[in-house]
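Shown next: my_file-v4.pdb, containing PDB, C-alpha atoms.
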```pdb
ATOM      1  CA  MET A 650     -94.557   6.386  -6.672
ATOM      2  CA  ARG A 651     -94.442   7.365 -10.306
ATOM      3  CA  ASP A 652     -93.837  10.984 -11.183
ATOM      4  CA  PHE A 653     -96.702  11.516 -13.620
ATOM      5  CA  PRO A 654     -96.018  15.243 -14.243
ATOM      6  CA  GLY A 655     -92.460  14.224 -15.102
ATOM      7  CA  ILE A 656     -93.748  11.547 -17.485
ATOM      8  CA  VAL A 657     -96.043  14.048 -19.232
ATOM      9  CA  LEU A 658     -93.278  16.629 -19.515
ATOM     10  CA  VAL A 659     -90.734  14.185 -20.946
ATOM     11  CA  ALA A 660     -93.342  12.878 -23.403
ATOM     12  CA  THR A 661     -94.217  16.386 -24.628
ATOM     13  CA  ILE A 662     -90.563  17.392 -25.060
ATOM     14  CA  TRP A 663     -89.702  14.235 -26.983
ATOM     15  CA  ALA A 664     -92.881  14.528 -29.071
ATOM     16  CA  TYR A 665     -92.040  18.171 -29.836
ATOM     17  CA  TRP A 666     -88.630  17.397 -31.274
ATOM     18  CA  LEU A 667     -89.943  14.312 -33.046
ATOM     19  CA  GLY A 668     -92.478  16.674 -34.612
ATOM     20  CA  ILE A 669     -89.616  18.902 -35.736
ATOM     21  CA  GLY A 670     -88.040  15.895 -37.440
ATOM     22  CA  ILE A 671     -91.331  15.053 -39.141
ATOM     23  CA  MET A 672     -91.706  18.643 -40.345
ATOM     24  CA  ILE A 673     -88.190  18.606 -41.814
ATOM     25  CA  THR A 674     -89.033  15.395 -43.677
ATOM     26  CA  ARG A 675     -92.356  16.744 -44.973
ATOM     27  CA  VAL A 676     -90.911  20.057 -46.143
ATOM     28  CA  ARG A 677     -87.957  18.278 -47.739
ATOM     29  CA  LYS A 678     -90.325  16.103 -49.774
ATOM     30  CA  GLY A 679     -92.336  19.127 -50.893
ATOM     31  CA  THR A 680     -89.526  21.584 -51.586
ATOM     32  CA  HIS A 681     -86.415  19.397 -52.006
ATOM     33  CA  THR A 682     -84.608  21.468 -49.377
ATOM     34  CA  LEU A 683     -83.341  20.704 -45.871
ATOM     35  CA  ALA A 684     -85.878  23.170 -44.381
ATOM     36  CA  GLY A 685     -83.115  25.081 -42.644
ATOM     37  CA  LEU A 686     -81.483  22.094 -40.961
ATOM     38  CA  VAL A 687     -78.212  23.556 -42.254
ATOM     39  CA  PRO A 688     -78.567  27.345 -41.767
ATOM     40  CA  GLU A 689     -77.789  29.611 -44.708
ATOM     41  CA  GLN A 690     -76.904  32.749 -42.754
ATOM     42  CA  ARG A 691     -73.649  33.064 -40.839
ATOM     43  CA  LEU A 692     -75.477  34.461 -37.795
ATOM     44  CA  GLU A 693     -77.781  31.465 -37.647
ATOM     45  CA  ARG A 694     -74.877  29.064 -38.056
ATOM     46  CA  TYR A 695     -73.331  30.667 -34.965
ATOM     47  CA  LEU A 696     -76.664  30.388 -33.149
ATOM     48  CA  TRP A 697     -76.784  26.699 -34.074
ATOM     49  CA  LEU A 698     -73.628  26.144 -32.004
ATOM     50  CA  VAL A 699     -75.732  27.012 -28.965
ATOM     51  CA  TRP A 700     -79.116  25.738 -30.163
ATOM     52  CA  VAL A 701     -78.025  22.141 -30.688
ATOM     53  CA  PRO A 702     -76.529  21.607 -27.196
ATOM     54  CA  LEU A 703     -79.528  23.424 -25.702
ATOM     55  CA  VAL A 704     -81.979  21.087 -27.430
ATOM     56  CA  VAL A 705     -80.001  18.041 -26.315
ATOM     57  CA  ALA A 706     -79.964  19.326 -22.732
ATOM     58  CA  TRP A 707     -83.700  20.081 -22.845
ATOM     59  CA  ILE A 708     -84.383  16.520 -23.954
ATOM     60  CA  VAL A 709     -82.008  14.897 -21.482
ATOM     61  CA  LEU A 710     -82.332  16.854 -18.213
ATOM     62  CA  PRO A 711     -86.059  16.210 -17.523
ATOM     63  CA  TYR A 712     -85.536  12.557 -18.427
ATOM     64  CA  LEU A 713     -82.644  12.250 -15.988
ATOM     65  CA  ALA A 714     -84.701  13.964 -13.269
ATOM     66  CA  PHE A 715     -87.513  11.480 -13.886
ATOM     67  CA  MET A 716     -85.299   8.382 -14.004
ATOM     68  CA  HIS A 717     -82.821   9.361 -11.281
ATOM     69  CA  PRO A 718     -84.089  11.405  -8.292
ATOM     70  CA  ALA A 719     -80.525  12.596  -7.663
ATOM     71  CA  PHE A 720     -80.899  14.867 -10.709
ATOM     72  CA  ALA A 721     -84.173  16.360  -9.412
ATOM     73  CA  SER A 722     -84.553  19.201  -6.949
ATOM     74  CA  ALA A 723     -84.947  18.195  -3.317
ATOM     75  CA  PHE A 724     -87.653  20.871  -3.110
ATOM     76  CA  VAL A 725     -89.901  18.796  -5.388
ATOM     77  CA  ARG A 726     -89.550  15.741  -3.182
ATOM     78  CA  GLN A 727     -90.130  17.617   0.073
ATOM     79  CA  SER A 728     -92.973  20.015  -0.807
ATOM     80  CA  GLU A 729     -96.462  18.542  -1.050
ATOM     81  CA  GLY A 730     -97.979  21.901  -1.994
ATOM     82  CA  TYR A 731     -95.788  22.096  -5.097
ATOM     83  CA  ALA A 732     -97.369  18.951  -6.578
ATOM     84  CA  LEU A 733    -100.440  20.775  -7.936
ATOM     85  CA  LEU A 734     -98.289  23.408  -9.616
ATOM     86  CA  ARG A 735     -96.254  20.662 -11.306
ATOM     87  CA  TRP A 736     -99.455  19.067 -12.590
ATOM     88  CA  LEU A 737    -100.605  22.423 -14.008
ATOM     89  CA  ALA A 738     -97.228  22.884 -15.683
ATOM     90  CA  ALA A 739     -97.417  19.403 -17.188
ATOM     91  CA  GLY A 740    -100.859  20.256 -18.596
ATOM     92  CA  GLY A 741     -99.441  23.518 -19.933
ATOM     93  CA  ALA A 742     -96.651  21.628 -21.683
ATOM     94  CA  LEU A 743     -99.210  19.370 -23.362
ATOM     95  CA  ALA A 744    -101.252  22.393 -24.466
ATOM     96  CA  CYS A 745     -98.099  24.007 -25.905
ATOM     97  CA  LEU A 746     -97.409  20.873 -27.944
ATOM     98  CA  LEU A 747    -100.937  20.750 -29.362
ATOM     99  CA  LEU A 748    -101.043  24.466 -30.199
ATOM    100  CA  THR A 749     -97.593  24.301 -31.806
ATOM    101  CA  SER A 750     -98.773  21.460 -34.042
ATOM    102  CA  LEU A 751    -101.551  23.778 -35.271
ATOM    103  CA  CYS A 752     -98.946  26.429 -36.117
ATOM    104  CA  TRP A 753     -96.822  23.862 -37.977
ATOM    105  CA  SER A 754     -99.862  22.706 -39.910
ATOM    106  CA  ARG A 755    -100.752  26.284 -40.885
ATOM    107  CA  MET A 756     -97.232  27.030 -42.094
ATOM    108  CA  GLY A 757     -97.008  23.895 -44.250
ATOM    109  CA  ARG A 758     -94.217  24.191 -46.805
ATOM    110  CA  ASN A 759     -93.353  27.663 -45.522
ATOM    111  CA  TRP A 760     -92.040  26.169 -42.281
ATOM    112  CA  ARG A 761     -88.266  26.345 -41.810
ATOM    113  CA  LEU A 762     -85.714  26.178 -39.025
ATOM    114  CA  ASP A 763     -83.755  29.130 -40.366
ATOM    115  CA  VAL A 764     -84.023  32.298 -42.405
ATOM    116  CA  SER A 765     -83.754  31.481 -46.090
ATOM    117  CA  THR A 766     -82.280  34.128 -48.343
ATOM    118  CA  LYS A 767     -82.840  31.923 -51.400
ATOM    119  CA  SER A 768     -86.611  31.656 -51.201
ATOM    120  CA  HIS A 769     -89.398  34.163 -50.582
ATOM    121  CA  ALA A 770     -91.936  32.373 -48.421
ATOM    122  CA  GLU A 771     -95.549  33.415 -48.068
ATOM    123  CA  LEU A 772     -96.266  35.888 -45.286
ATOM    124  CA  ILE A 773     -98.788  34.144 -43.059
ATOM    125  CA  THR A 774    -101.030  36.483 -41.074
ATOM    126  CA  ASP A 775    -104.021  34.319 -40.169
ATOM    127  CA  GLY A 776    -104.728  31.714 -37.506
ATOM    128  CA  PRO A 777    -102.406  32.091 -34.497
ATOM    129  CA  PHE A 778    -100.244  34.431 -36.597
ATOM    130  CA  ALA A 779    -103.067  36.977 -36.649
ATOM    131  CA  TYR A 780    -102.341  37.805 -33.014
ATOM    132  CA  VAL A 781     -98.623  37.237 -32.511
ATOM    133  CA  ARG A 782     -95.836  37.228 -35.069
ATOM    134  CA  HIS A 783     -93.935  34.351 -33.490
ATOM    135  CA  PRO A 784     -96.481  31.985 -31.909
ATOM    136  CA  ILE A 785     -94.138  28.999 -32.231
ATOM    137  CA  TYR A 786     -91.371  30.730 -30.274
ATOM    138  CA  ALA A 787     -93.920  32.023 -27.751
ATOM    139  CA  LEU A 788     -95.235  28.506 -27.165
ATOM    140  CA  GLN A 789     -91.711  27.126 -27.037
ATOM    141  CA  ARG A 790     -90.879  29.649 -24.314
ATOM    142  CA  LEU A 791     -93.957  28.643 -22.344
ATOM    143  CA  HIS A 792     -93.038  24.982 -22.809
ATOM    144  CA  MET A 793     -89.593  25.750 -21.412
ATOM    145  CA  LEU A 794     -91.116  27.561 -18.411
ATOM    146  CA  CYS A 795     -93.331  24.540 -17.768
ATOM    147  CA  SER A 796     -90.190  22.407 -17.876
ATOM    148  CA  VAL A 797     -88.592  24.570 -15.190
ATOM    149  CA  VAL A 798     -91.678  24.251 -12.977
ATOM    150  CA  VAL A 799     -91.765  20.464 -13.296
ATOM    151  CA  VAL A 800     -87.978  20.171 -12.928
ATOM    152  CA  PRO A 801     -87.003  23.201 -10.798
ATOM    153  CA  THR A 802     -83.235  22.850 -10.885
ATOM    154  CA  TRP A 803     -80.501  25.409 -11.501
ATOM    155  CA  GLN A 804     -79.600  23.575 -14.703
ATOM    156  CA  MET A 805     -83.113  23.857 -16.135
ATOM    157  CA  THR A 806     -83.376  27.494 -15.031
ATOM    158  CA  GLY A 807     -80.094  28.335 -16.763
ATOM    159  CA  LEU A 808     -81.301  26.500 -19.848
ATOM    160  CA  ALA A 809     -84.473  28.605 -19.873
ATOM    161  CA  VAL A 810     -82.508  31.856 -19.644
ATOM    162  CA  VAL A 811     -80.310  30.881 -22.593
ATOM    163  CA  HIS A 812     -83.373  29.738 -24.544
ATOM    164  CA  PHE A 813     -85.156  33.066 -24.027
ATOM    165  CA  CYS A 814     -82.085  34.932 -25.270
ATOM    166  CA  LEU A 815     -81.767  32.716 -28.346
ATOM    167  CA  THR A 816     -85.421  33.019 -29.330
ATOM    168  CA  GLN A 817     -85.210  36.797 -28.957
ATOM    169  CA  VAL A 818     -82.186  37.024 -31.251
ATOM    170  CA  LYS A 819     -83.686  34.587 -33.745
ATOM    171  CA  ALA A 820     -87.049  36.346 -33.857
ATOM    172  CA  ARG A 821     -85.365  39.720 -34.451
ATOM    173  CA  ASN A 822     -83.270  38.250 -37.241
ATOM    174  CA  GLU A 823     -86.340  36.758 -38.904
ATOM    175  CA  GLU A 824     -88.158  40.073 -38.673
ATOM    176  CA  ARG A 825     -85.336  41.936 -40.392
ATOM    177  CA  HIS A 826     -85.484  39.402 -43.216
ATOM    178  CA  LEU A 827     -89.279  39.504 -43.551
ATOM    179  CA  LEU A 828     -89.281  43.302 -43.592
ATOM    180  CA  ALA A 829     -86.715  43.282 -46.394
ATOM    181  CA  VAL A 830     -88.731  40.728 -48.376
ATOM    182  CA  HIS A 831     -92.325  41.870 -47.787
ATOM    183  CA  GLY A 832     -91.811  45.584 -47.138
ATOM    184  CA  SER A 833     -94.918  47.569 -46.234
ATOM    185  CA  ALA A 834     -97.069  44.432 -45.896
ATOM    186  CA  TYR A 835     -94.861  43.205 -43.093
ATOM    187  CA  ARG A 836     -94.577  46.690 -41.575
ATOM    188  CA  ASP A 837     -98.377  46.887 -41.342
ATOM    189  CA  TYR A 838     -98.451  43.386 -39.864
ATOM    190  CA  VAL A 839     -95.930  44.403 -37.181
ATOM    191  CA  ALA A 840     -98.013  47.475 -36.338
ATOM    192  CA  ARG A 841    -101.077  45.402 -35.454
ATOM    193  CA  THR A 842     -99.513  42.372 -33.757
ATOM    194  CA  GLY A 843     -97.235  41.616 -30.835
ATOM    195  CA  MET A 844     -93.977  39.713 -31.110
ATOM    196  CA  PHE A 845     -94.791  37.060 -28.500
ATOM    197  CA  PHE A 846     -97.981  38.384 -26.874
ATOM    198  CA  PRO A 847    -101.173  39.751 -28.510
ATOM    199  CA  ARG A 848    -101.507  43.515 -28.455
ATOM    200  CA  ARG A 849    -104.340  44.889 -26.381
ATOM    201  CA  GLY A 850    -107.189  46.365 -28.338
ATOM    202  CA  ARG A 851    -105.880  45.060 -31.644
ATOM    203  CA  HIS A 852    -108.175  42.900 -33.750
ATOM    204  CA  PRO A 853    -106.190  42.053 -36.895
ATOM    205  CA  PRO A 854    -108.028  40.976 -40.017
ATOM    206  CA  GLN A 855    -107.825  37.315 -40.952
ATOM    207  CA  GLY A 856    -106.170  36.487 -44.261
ATOM    208  CA  ARG A 857    -102.893  36.155 -46.098
ATOM    209  CA  ALA A 858    -100.574  38.879 -47.142
ATOM    210  CA  PRO A 859     -99.177  38.631 -50.667
TER     211      PRO A 859
END
```

Structure translated into structure tokens:
Amino acid sequence: MRDFPGIVLVATIWAYWLGIGIMITRVRKGTHTLAGLVPEQRLERYLWLVWVPLVVAWIVLPYLAFMHPAFASAFVRQSEGYALLRWLAAGGALACLLLTSLCWSRMGRNWRLDVSTKSHAELITDGPFAYVRHPIYALQRLHMLCSVVVVPTWQMTGLAVVHFCLTQVKARNEERHLLAVHGSAYRDYVARTGMFFPRRGRHPPQGRAP
């Protein structure tokens, strides 16, 4: 019997990182830069030493679990009640991919993998960014959680923990940079939005900050 939630998950993960490659190519054509593929900051270069193996593991582990049952949790094979939850997680992974593509599209040439100290990108505060400051990281975290549900192994769980720590550090680093570049405009933006979750009772205006 084919593991369709596993197929969907693997497809969304591979499509996600293929999308990253496409974004790098598009931004490179428009800006003649590597779009952060080689980080400028020392901190982000150190983070890359963990990010790259993490990405490789995220791509490989669900595929191995799908192709070779020995890499999957015995719990998945033995529990019939868990099947529905895996299907929901697979659907969540697909939704994360689609919503992330909207974020990429909105960022356009401002999209980067790292913090650039050489360019002053536009501060985007509309669309998904009107509610959370880091919707791409938020969706990536949810995608990772969906991966753990579909492939509930200790390896995937450990990967998720490391991923959450990395996105936290990276988001904080980006916020320090944006505050230094955009000043009060970014400070006001922070006051009305959440980092990864929308703030209750906040209805931020749509538009772009200068």

Atom CA of A:Arg761 to atom CA of A:Ala684, distance in Å rounded to a single decimal: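 One can read the atom CA of A:Arg761 to atom CA of A:Ala684 distance as 4.7 Å.
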
Can you translate the PyMOL selection byres ((chain A and resi 737) around 12) into the concrete residues it hits in this file, as a PyMOL selection string? chain A and resi 653-655+657-658+731-736+738-744+792+794-796+798-799

Translate the PyMOL selection byres ((chain A and resi 756) around 12) into a concrete residue list for this structure, as a list in words.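 Applied to this file, the PyMOL selection byres ((chain A and resi 756) around 12) returns Met672, Arg675, Val676, Thr749, Ser750, Leu751, Cys752, Trp753, Ser754, Arg755, Gly757, Arg758, Asn759, Trp760, Arg761, Leu762, Ala770, Glu771, Leu772, Ile773, Thr774, Asp775, Gly776, Pro777, Phe778, His783, Pro784, Ile785 and Arg857 of chain A.
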
Requested write-out: C-alpha atoms of the selected residues, as a compact mmCIF listing (two decimals), in the coordinates of the input:
```
# COMPACT_ATOMS: atom_id res chain seq x y z
CA MET A 672 -91.71 18.64 -40.34
CA ARG A 675 -92.36 16.74 -44.97
CA VAL A 676 -90.91 20.06 -46.14
CA THR A 749 -97.59 24.30 -31.81
CA SER A 750 -98.77 21.46 -34.04
CA LEU A 751 -101.55 23.78 -35.27
CA CYS A 752 -98.95 26.43 -36.12
CA TRP A 753 -96.82 23.86 -37.98
CA SER A 754 -99.86 22.71 -39.91
CA ARG A 755 -100.75 26.28 -40.88
CA GLY A 757 -97.01 23.90 -44.25
CA ARG A 758 -94.22 24.19 -46.80
CA ASN A 759 -93.35 27.66 -45.52
CA TRP A 760 -92.04 26.17 -42.28
CA ARG A 761 -88.27 26.34 -41.81
CA LEU A 762 -85.71 26.18 -39.02
CA ALA A 770 -91.94 32.37 -48.42
CA GLU A 771 -95.55 33.42 -48.07
CA LEU A 772 -96.27 35.89 -45.29
CA ILE A 773 -98.79 34.14 -43.06
CA THR A 774 -101.03 36.48 -41.07
CA ASP A 775 -104.02 34.32 -40.17
CA GLY A 776 -104.73 31.71 -37.51
CA PRO A 777 -102.41 32.09 -34.50
CA PHE A 778 -100.24 34.43 -36.60
CA HIS A 783 -93.94 34.35 -33.49
CA PRO A 784 -96.48 31.98 -31.91
CA ILE A 785 -94.14 29.00 -32.23
CA ARG A 857 -102.89 36.16 -46.10
```

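Proximity ranking of A:Gly832, A:Gln789, A:Tyr695, A:Gln804 relative to A:Trp666 places A:Gln789 first, based on all atoms listed in the file.
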
Write out as AutoDock Vina command-line options an axis-aligned box for stretch 658-663 of chain A: all of its atoms listed in the file, 3 Å added on each side, centre and edge lengths in Å with one decimal.
```
--center_x -92.0 --center_y 15.1 --center_z -23.2 --size_x 10.5 --size_y 10.5 --size_z 13.5
```

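Considering the residues A:Ile656, A:Ala779, A:Leu746, A:Leu828 and counting all atoms listed in the file, A:Met793 has its shortest atom-to-atom contact with A:Leu746.
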
Using all atoms listed in the file, can you tell me which of A:Asp763, A:Val781, A:Asn822, A:Phe845 comes closest to A:Arg694?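 Checking each of A:Asp763, A:Val781, A:Asn822, A:Phe845 against A:Arg694, counting all atoms listed in the file, the winner is A:Asp763.
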
Would you compute the distance between atom CA of A:Gln690 and atom CA of A:Gln817? Give it in Å to one decimal.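 Taking atom CA of A:Gln690 and atom CA of A:Gln817, their separation equals 16.6 Å.
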
For atom CA of A:Leu683 and atom CA of A:Trp707, the interatomic separation in Å (one decimal): 23.0 Å

Go through A:Ala787, A:Ser765, A:Thr674, A:Arg849 one by one, measure the shortest atom-to-atom distance of each to A:Val687 using all atoms listed in the file, and give the residue with the smallest value. A:Ser765

Using all atoms listed in the file, the shortest atom-to-atom distance to A:Thr802 among A:Val830, A:Val659, A:Leu748, A:Ala714 belongs to A:Ala714

Explicit residues for the PyMOL selection byres ((chain A and resi 827) around 12) (as a PyMOL selection string): chain A and resi 764-766+768-773+782+820-826+828-839+858
